[in-house]
$ cat run.txt   # compact mmCIF, C-alpha atoms
# COMPACT_ATOMS: atom_id res chain seq x y z
CA MET F 1 -69.43 9.82 -78.52
CA ASN F 2 -71.12 9.68 -75.15
CA ALA F 3 -70.66 6.89 -72.68
CA GLU F 4 -72.56 4.08 -71.09
CA ALA F 5 -72.68 3.73 -67.33
CA GLU F 6 -73.71 1.11 -64.84
CA VAL F 7 -75.01 2.89 -61.75
CA LEU F 8 -74.87 1.03 -58.42
CA PHE F 9 -76.64 1.83 -55.15
CA PHE F 10 -75.58 0.58 -51.74
CA GLY F 11 -76.73 0.45 -48.14
CA ASN F 12 -79.88 2.38 -47.26
CA LEU F 13 -79.87 4.06 -50.70
CA THR F 14 -81.23 0.82 -52.20
CA GLU F 15 -84.36 1.34 -50.08
CA VAL F 16 -84.86 4.74 -51.71
CA THR F 17 -84.22 3.55 -55.26
CA GLY F 18 -85.84 0.15 -54.90
CA GLU F 19 -83.08 -1.38 -57.03
CA SER F 20 -79.37 -1.99 -56.64
CA SER F 21 -78.30 -1.08 -60.17
CA ILE F 22 -79.49 0.66 -63.31
CA ARG F 23 -77.88 1.22 -66.72
CA LEU F 24 -77.67 4.58 -68.43
CA TRP F 25 -76.76 5.26 -72.05
CA ASP F 26 -75.54 8.38 -73.72
CA VAL F 27 -74.22 10.14 -70.64
CA GLU F 28 -71.51 12.76 -70.85
CA ASP F 29 -70.13 13.17 -67.36
CA THR F 30 -70.69 12.23 -63.73
CA ASP F 31 -72.68 15.39 -63.00
CA SER F 32 -75.21 14.48 -65.68
CA VAL F 33 -75.45 10.94 -64.27
CA GLU F 34 -76.13 12.41 -60.82
CA GLN F 35 -78.85 14.68 -62.25
CA ILE F 36 -80.55 11.79 -64.05
CA VAL F 37 -80.42 9.69 -60.89
CA LEU F 38 -81.78 12.49 -58.68
CA ASN F 39 -84.60 13.18 -61.13
CA ARG F 40 -85.50 9.52 -61.20
CA TYR F 41 -85.30 9.13 -57.41
CA PRO F 42 -86.08 12.57 -55.88
CA GLU F 43 -85.98 11.10 -52.36
CA LEU F 44 -82.22 10.62 -52.82
CA ARG F 45 -81.78 14.39 -52.36
CA LYS F 46 -82.53 13.91 -48.67
CA GLN F 47 -79.81 11.26 -48.27
CA MET F 48 -76.10 11.64 -47.60
CA TYR F 49 -74.08 9.90 -50.27
CA LEU F 50 -70.62 9.63 -51.79
CA ILE F 51 -69.91 8.88 -55.45
CA ALA F 52 -67.28 6.51 -56.79
CA LEU F 53 -66.29 6.40 -60.45
CA ASP F 54 -64.80 3.02 -61.38
CA ARG F 55 -64.22 2.20 -57.68
CA GLN F 56 -62.49 5.51 -56.85
CA LEU F 57 -64.17 8.21 -54.78
CA ILE F 58 -64.67 11.44 -56.73
CA HIS F 59 -65.54 14.89 -55.45
CA THR F 60 -65.77 16.84 -58.70
CA ASN F 61 -67.29 16.29 -62.13
CA ARG F 62 -65.54 13.78 -64.41
CA LEU F 63 -65.97 13.25 -68.13
CA LEU F 64 -67.00 9.74 -69.16
CA LYS F 65 -65.33 7.99 -72.08
CA ASN F 66 -66.79 4.54 -72.61
CA ASN F 67 -68.07 1.97 -70.13
CA HIS F 68 -68.02 3.10 -66.50
CA THR F 69 -69.33 2.03 -63.13
CA ILE F 70 -70.68 4.81 -60.96
CA ALA F 71 -71.58 3.98 -57.37
CA PHE F 72 -73.81 5.96 -55.03
CA MET F 73 -72.83 5.06 -51.48
CA PRO F 74 -74.03 6.20 -48.06
CA PRO F 75 -71.38 6.96 -45.39
CA PHE F 76 -69.38 3.82 -44.68
CA SER F 77 -70.16 1.94 -41.48
CA GLY F 78 -67.89 -1.08 -41.44
CA GLY F 79 -66.27 -2.49 -38.33
CA MET E 1 -49.90 -12.56 -47.93
CA ARG E 2 -53.52 -13.65 -48.17
CA ARG E 3 -55.62 -11.50 -50.47
CA SER E 4 -59.03 -12.29 -49.08
CA LEU E 5 -60.91 -9.73 -47.05
CA PHE E 6 -64.48 -10.92 -46.62
CA ILE E 7 -65.83 -13.81 -44.59
CA GLN E 8 -69.47 -14.85 -44.72
CA GLY E 9 -71.04 -14.54 -41.26
CA PRO E 10 -69.17 -14.18 -37.97
CA ILE E 11 -65.41 -14.72 -37.77
CA SER E 12 -64.90 -17.79 -35.63
CA VAL E 13 -62.49 -18.19 -32.73
CA ALA E 14 -61.18 -21.31 -34.53
CA PHE E 15 -60.28 -19.22 -37.59
CA ILE E 16 -58.56 -16.59 -35.44
CA SER E 17 -56.55 -19.17 -33.50
CA ALA E 18 -55.55 -20.92 -36.73
CA GLN E 19 -54.16 -17.62 -38.01
CA ILE E 20 -52.15 -17.16 -34.81
CA ARG E 21 -50.83 -20.72 -35.05
CA LYS E 22 -49.68 -20.20 -38.66
CA HIS E 23 -47.55 -17.26 -37.61
CA GLN E 24 -45.61 -19.30 -35.06
CA PHE E 25 -43.50 -20.53 -37.97
CA LYS E 26 -42.45 -16.99 -38.86
CA THR E 27 -39.63 -16.59 -36.37
CA ASN E 28 -38.56 -13.14 -37.53
CA ILE E 29 -41.72 -11.86 -35.83
CA GLY E 30 -41.57 -10.76 -32.20
CA ALA E 31 -44.89 -8.97 -31.79
CA HIS E 32 -48.45 -9.54 -32.90
CA GLN E 33 -51.09 -6.87 -32.53
CA ILE E 34 -54.63 -8.19 -32.85
CA PHE E 35 -57.86 -6.24 -32.96
CA LEU E 36 -61.24 -7.96 -32.80
CA GLY E 37 -64.45 -6.07 -33.45
CA GLN E 38 -67.47 -7.57 -31.71
CA VAL E 39 -71.13 -6.73 -32.29
CA ARG E 40 -72.59 -4.88 -29.29
CA ALA E 41 -76.15 -5.24 -28.00
CA ASP E 42 -76.70 -1.47 -27.93
CA GLN E 43 -79.98 -0.16 -26.62
CA THR E 44 -81.56 2.17 -29.21
CA ASP E 45 -84.78 4.18 -29.27
CA HIS E 46 -86.41 1.31 -31.13
CA GLY E 47 -85.15 -1.55 -28.96
CA LYS E 48 -82.06 -3.62 -28.39
CA ILE E 49 -79.75 -4.51 -31.27
CA SER E 50 -79.66 -8.24 -31.88
CA GLY E 51 -77.15 -8.28 -34.74
CA ILE E 52 -75.66 -6.45 -37.70
CA GLU E 53 -76.13 -7.43 -41.33
CA TYR E 54 -73.13 -6.31 -43.40
CA THR E 55 -73.02 -5.54 -47.10
CA ALA E 56 -70.14 -4.13 -49.14
CA TYR E 57 -69.06 -2.86 -52.51
CA GLU E 58 -66.65 -5.76 -52.62
CA SER E 59 -64.52 -4.95 -55.66
CA MET E 60 -63.94 -1.39 -54.44
CA ALA E 61 -63.20 -2.58 -50.89
CA LEU E 62 -60.55 -4.99 -52.20
CA GLU E 63 -58.86 -2.19 -54.13
CA CYS E 64 -59.02 0.10 -51.08
CA ILE E 65 -57.52 -2.43 -48.66
CA LYS E 66 -54.69 -3.17 -51.10
CA LYS E 67 -53.79 0.53 -51.17
CA ILE E 68 -54.05 0.86 -47.37
CA LYS E 69 -51.74 -2.14 -46.90
CA GLU E 70 -49.20 -0.71 -49.34
CA ASP E 71 -49.23 2.60 -47.46
CA LEU E 72 -48.72 0.92 -44.09
CA PHE E 73 -45.97 -1.42 -45.26
CA GLU E 74 -44.16 1.65 -46.52
CA LYS E 75 -44.71 3.61 -43.30
CA TYR E 76 -43.98 0.98 -40.61
CA PRO E 77 -41.38 -1.82 -40.29
CA ILE E 78 -43.99 -4.58 -40.15
CA ARG E 79 -43.71 -8.15 -41.41
CA CYS E 80 -47.31 -9.00 -42.23
CA MET E 81 -50.80 -7.69 -42.04
CA HIS E 82 -54.18 -9.39 -42.38
CA VAL E 83 -57.69 -7.96 -42.32
CA TYR E 84 -60.94 -9.94 -42.34
CA HIS E 85 -64.41 -8.41 -42.27
CA SER E 86 -67.75 -10.18 -42.08
CA LEU E 87 -70.45 -10.02 -44.71
CA GLY E 88 -74.04 -11.00 -43.98
CA MET E 89 -75.49 -11.45 -40.53
CA VAL E 90 -73.42 -11.32 -37.34
CA LYS E 91 -75.36 -11.67 -34.11
CA THR E 92 -74.41 -9.75 -30.97
CA GLY E 93 -71.31 -11.20 -29.36
CA GLY E 94 -70.05 -12.36 -32.76
CA CYS E 95 -66.80 -11.09 -34.22
CA SER E 96 -67.15 -9.03 -37.41
CA LEU E 97 -63.66 -7.60 -37.83
CA PHE E 98 -60.28 -9.27 -37.31
CA ILE E 99 -57.08 -7.31 -37.79
CA PHE E 100 -53.75 -9.05 -37.31
CA VAL E 101 -50.49 -7.09 -37.67
CA SER E 102 -47.08 -8.61 -37.00
CA ALA E 103 -43.66 -7.03 -36.67
CA ALA E 104 -40.24 -7.67 -35.18
CA HIS E 105 -41.04 -5.24 -32.35
CA SER E 106 -44.24 -4.17 -30.60
CA GLU E 107 -44.36 -0.45 -31.32
CA ALA E 108 -44.60 -0.80 -35.12
CA ALA E 109 -47.23 -3.55 -34.79
CA TYR E 110 -49.28 -1.43 -32.39
CA LEU E 111 -49.16 1.78 -34.42
CA ALA E 112 -49.85 0.05 -37.74
CA CYS E 113 -52.79 -1.84 -36.22
CA GLN E 114 -54.38 1.35 -34.87
CA GLU E 115 -53.95 3.12 -38.18
CA LEU E 116 -55.25 0.14 -40.13
CA LEU E 117 -58.35 -0.04 -37.91
CA ALA E 118 -59.09 3.66 -38.36
CA ARG E 119 -58.68 3.43 -42.13
CA VAL E 120 -60.82 0.28 -42.43
CA LYS E 121 -63.69 2.07 -40.69
CA LYS E 122 -63.25 5.27 -42.66
CA GLU E 123 -62.35 4.12 -46.16
CA LEU E 124 -63.81 0.68 -46.88
CA PRO E 125 -67.21 0.71 -48.61
CA ILE E 126 -68.95 -1.53 -46.09
CA TRP E 127 -72.35 -0.94 -44.48
CA GLY E 128 -73.89 -2.33 -41.35
CA LYS E 129 -77.63 -2.68 -40.94
CA GLU E 130 -78.34 -2.91 -37.23
CA ILE E 131 -81.13 -5.39 -36.62
CA VAL E 132 -83.35 -4.35 -33.73
CA ASP E 133 -85.13 -7.05 -31.77
CA LYS E 134 -88.61 -7.79 -33.10
CA VAL E 135 -89.00 -4.28 -34.53
CA GLY E 136 -86.88 -4.06 -37.65
CA TYR E 137 -83.60 -2.35 -38.28
CA GLN E 138 -81.66 0.88 -38.51
CA TRP E 139 -78.51 1.65 -40.50
CA LYS E 140 -75.28 1.78 -38.53
CA LEU E 141 -73.43 5.11 -38.47
CA ASN E 142 -69.72 5.43 -37.73
CA PRO E 143 -69.46 8.71 -35.77
CA ALA E 144 -66.32 9.80 -37.64
CA ASN E 145 -68.11 9.43 -41.00
CA ALA E 146 -71.26 11.33 -40.02
CA ASN E 147 -70.30 14.52 -41.89
CA VAL E 148 -68.86 13.25 -45.16
CA LEU E 149 -70.55 15.88 -47.31

$ encode --input "run.txt" --output "structure tokens"
Amino acid sequence: MNAEAEVLFFGNLTEVTGESSIRLWDVEDTDSVEQIVLNRYPELRKQMYLIALDRQLIHTNRLLKNNHTIAFMPPFSGG
Amino acid sequence: MRRSLFIQGPISVAFISAQIRKHQFKTNIGAHQIFLGQVRADQTDHGKISGIEYTAYESMALECIKKIKEDLFEKYPIRCMHVYHSLGMVKTGGCSLFIFVSAAHSEAAYLACQELLARVKKELPIWGKEIVDKVGYQWKLNPANANVL
């Protein structure tokens, strides 16, 4: 059974998406979430971003099991 | 050890001095290392920066800082460690980051503070929107994080 994901956007990415979160159903892995997001917001392709799955940075595809939070984040600029 | 990380708006001098005062009762401490980050009025192509508006992925940031603290307590002989970061608007001259590391001796406090500062800037999901006088804003970029991809 495929998973459900809450997708969050932060920093300047929210200006590209126009919203800070969306919900996706029936997603298999993080790569497919990224594809759906990029198709929905093509302008995101021009942005630098990192992805966190359940508050952990990921650099490769991960399978999704049930409910997950996937965050799209521009480079951090705290301090 | 206090668990909080975020403070709404600028971090006040009164808050900082209260933290110092509290530690005077911990007499196994011989050295405090304090770092204060202050918002600069940089001149940009669009005008002068009048403040920074901070946002964060708070739940992730809290998990990250917990891990960073665990690493540093393991690495250095320090007694306590506190980090506070502003959320929301901080005008130029205001303090947006307060790091307070205490140890029996100065070297451990100094080294842990430097490492903590570097990791806060690199690893915590916090973003600064630099507000430019009368014109608008631009997003802050930490030079070390410019090539994350």

$ residues_around --input "run.txt" --residues "region 65-71 of chain F" --least-positions-apart "3" --cutoff "7 Å" --atoms "all atoms listed in the file" --output "ChimeraX atom specification"
/F:2-9,51-54

$ residues_around --input "run.txt" --residues "Ile49 (chain E)" --least-positions-apart "3" --cutoff "6 Å" --atoms "all atoms listed in the file" --output "list of chain:residue names"
E:Ala41, E:Asp42, E:Ile131, E:Val132, E:Asp133

$ closest_atom_pairs --input "run.txt" --of "chain E" --to "chain F" --cutoff "8 Å" --atoms "all atoms listed in the file" --output "CSV"
residue,atom,partner,partner_atom,distance
E:Gly37,CA,F:Gly79,CA,6.3
E:Tyr54,CA,F:Gly78,CA,7.7
E:Thr55,CA,F:Gly11,CA,7.1
E:Ala56,CA,F:Phe10,CA,7.7
E:Tyr57,CA,F:Phe10,CA,7.4
E:Ser59,CA,F:Arg55,CA,7.4
E:Met60,CA,F:Arg55,CA,4.8
E:Glu63,CA,F:Arg55,CA,7.8
E:His85,CA,F:Gly79,CA,7.4
E:Ser96,CA,F:Gly79,CA,6.7
E:Leu97,CA,F:Gly79,CA,5.8
E:Val120,CA,F:Gly78,CA,7.3
E:Lys121,CA,F:Gly78,CA,5.3
E:Lys122,CA,F:Phe76,CA,6.6
E:Glu123,CA,F:Phe76,CA,7.2
E:Leu124,CA,F:Phe76,CA,6.8
E:Pro125,CA,F:Phe76,CA,5.5
E:Ile126,CA,F:Gly78,CA,4.8
E:Trp127,CA,F:Ser77,CA,4.7
E:Gly128,CA,F:Ser77,CA,5.7
E:Lys129,CA,F:Gly11,CA,7.9
E:Trp139,CA,F:Asn12,CA,6.9
E:Lys140,CA,F:Ser77,CA,5.9
E:Leu141,CA,F:Ser77,CA,5.5
E:Asn142,CA,F:Ser77,CA,5.1
E:Asn145,CA,F:Pro75,CA,6.0
E:Ala146,CA,F:Pro75,CA,6.9
E:Val148,CA,F:Pro75,CA,6.8
E:Leu149,CA,F:Met48,CA,7.0

$ atom_distance --input "run.txt" --atom1 "CA of Lys67 (chain E)" --atom2 "CA of Leu111 (chain E)"
17.4 Å

$ axis_aligned_box --input "run.txt" --around "region 60-66 of chain F" --padding-each-side "8 Å" --output "JSON"
{"center_x": -66.3, "center_y": 10.7, "center_z": -65.7, "size_x": 18.0, "size_y": 28.3, "size_z": 29.9}

$ residues_around --input "run.txt" --residues "region 91-94 of chain E" --least-positions-apart "4" --cutoff "10 Å" --atoms "all atoms listed in the file" --output "PyMOL selection string"
chain E and resi 9-13+36-42+49-53+86+130-131

$ write_last_selection --input "run.txt" --atoms "C-alpha atoms" --output "mmCIF file, in the coordinates of the input"
data_model
loop_
_atom_site.group_PDB
_atom_site.id
_atom_site.type_symbol
_atom_site.label_atom_id
_atom_site.label_comp_id
_atom_site.auth_asym_id
_atom_site.auth_seq_id
_atom_site.Cartn_x
_atom_site.Cartn_y
_atom_site.Cartn_z
ATOM 1 C CA GLY E 9 -71.040 -14.540 -41.260
ATOM 2 C CA PRO E 10 -69.170 -14.180 -37.970
ATOM 3 C CA ILE E 11 -65.410 -14.720 -37.770
ATOM 4 C CA SER E 12 -64.900 -17.790 -35.630
ATOM 5 C CA VAL E 13 -62.490 -18.190 -32.730
ATOM 6 C CA LEU E 36 -61.240 -7.960 -32.800
ATOM 7 C CA GLY E 37 -64.450 -6.070 -33.450
ATOM 8 C CA GLN E 38 -67.470 -7.570 -31.710
ATOM 9 C CA VAL E 39 -71.130 -6.730 -32.290
ATOM 10 C CA ARG E 40 -72.590 -4.880 -29.290
ATOM 11 C CA ALA E 41 -76.150 -5.240 -28.000
ATOM 12 C CA ASP E 42 -76.700 -1.470 -27.930
ATOM 13 C CA ILE E 49 -79.750 -4.510 -31.270
ATOM 14 C CA SER E 50 -79.660 -8.240 -31.880
ATOM 15 C CA GLY E 51 -77.150 -8.280 -34.740
ATOM 16 C CA ILE E 52 -75.660 -6.450 -37.700
ATOM 17 C CA GLU E 53 -76.130 -7.430 -41.330
ATOM 18 C CA SER E 86 -67.750 -10.180 -42.080
ATOM 19 C CA GLU E 130 -78.340 -2.910 -37.230
ATOM 20 C CA ILE E 131 -81.130 -5.390 -36.620
#

$ atom_distance --input "run.txt" --atom1 "CA of Glu19 (chain F)" --atom2 "CA of Asp45 (chain E)"
28.4 Å

$ closest_residue --input "run.txt" --among "E:Ala118, E:Cys95, E:Val90, E:Ile20" --to "Ile34 (chain E)" --atoms "only C-alpha atoms"
E:Ile20

$ atom_distance --input "run.txt" --atom1 "CA of His105 (chain E)" --atom2 "CA of Ala31 (chain E)"
5.4 Å

$ residues_around --input "run.txt" --residues "Val16 (chain F)" --least-positions-apart "3" --cutoff "7 Å" --atoms "only C-alpha atoms" --output "PyMOL selection string"
chain F and resi 13+43-44

$ residues_around --input "run.txt" --residues "Glu107 (chain E)" --least-positions-apart "5" --cutoff "10 Å" --atoms "all atoms listed in the file" --output "list in words"
Ala31, Gln33, Tyr76, Pro77, Ile78, Ala112 and Cys113 of chain E

$ closest_residue --input "run.txt" --among "F:Leu63, F:Glu15, F:Gln47, F:Phe72" --to "Thr30 (chain F)" --atoms "all atoms listed in the file"
F:Leu63
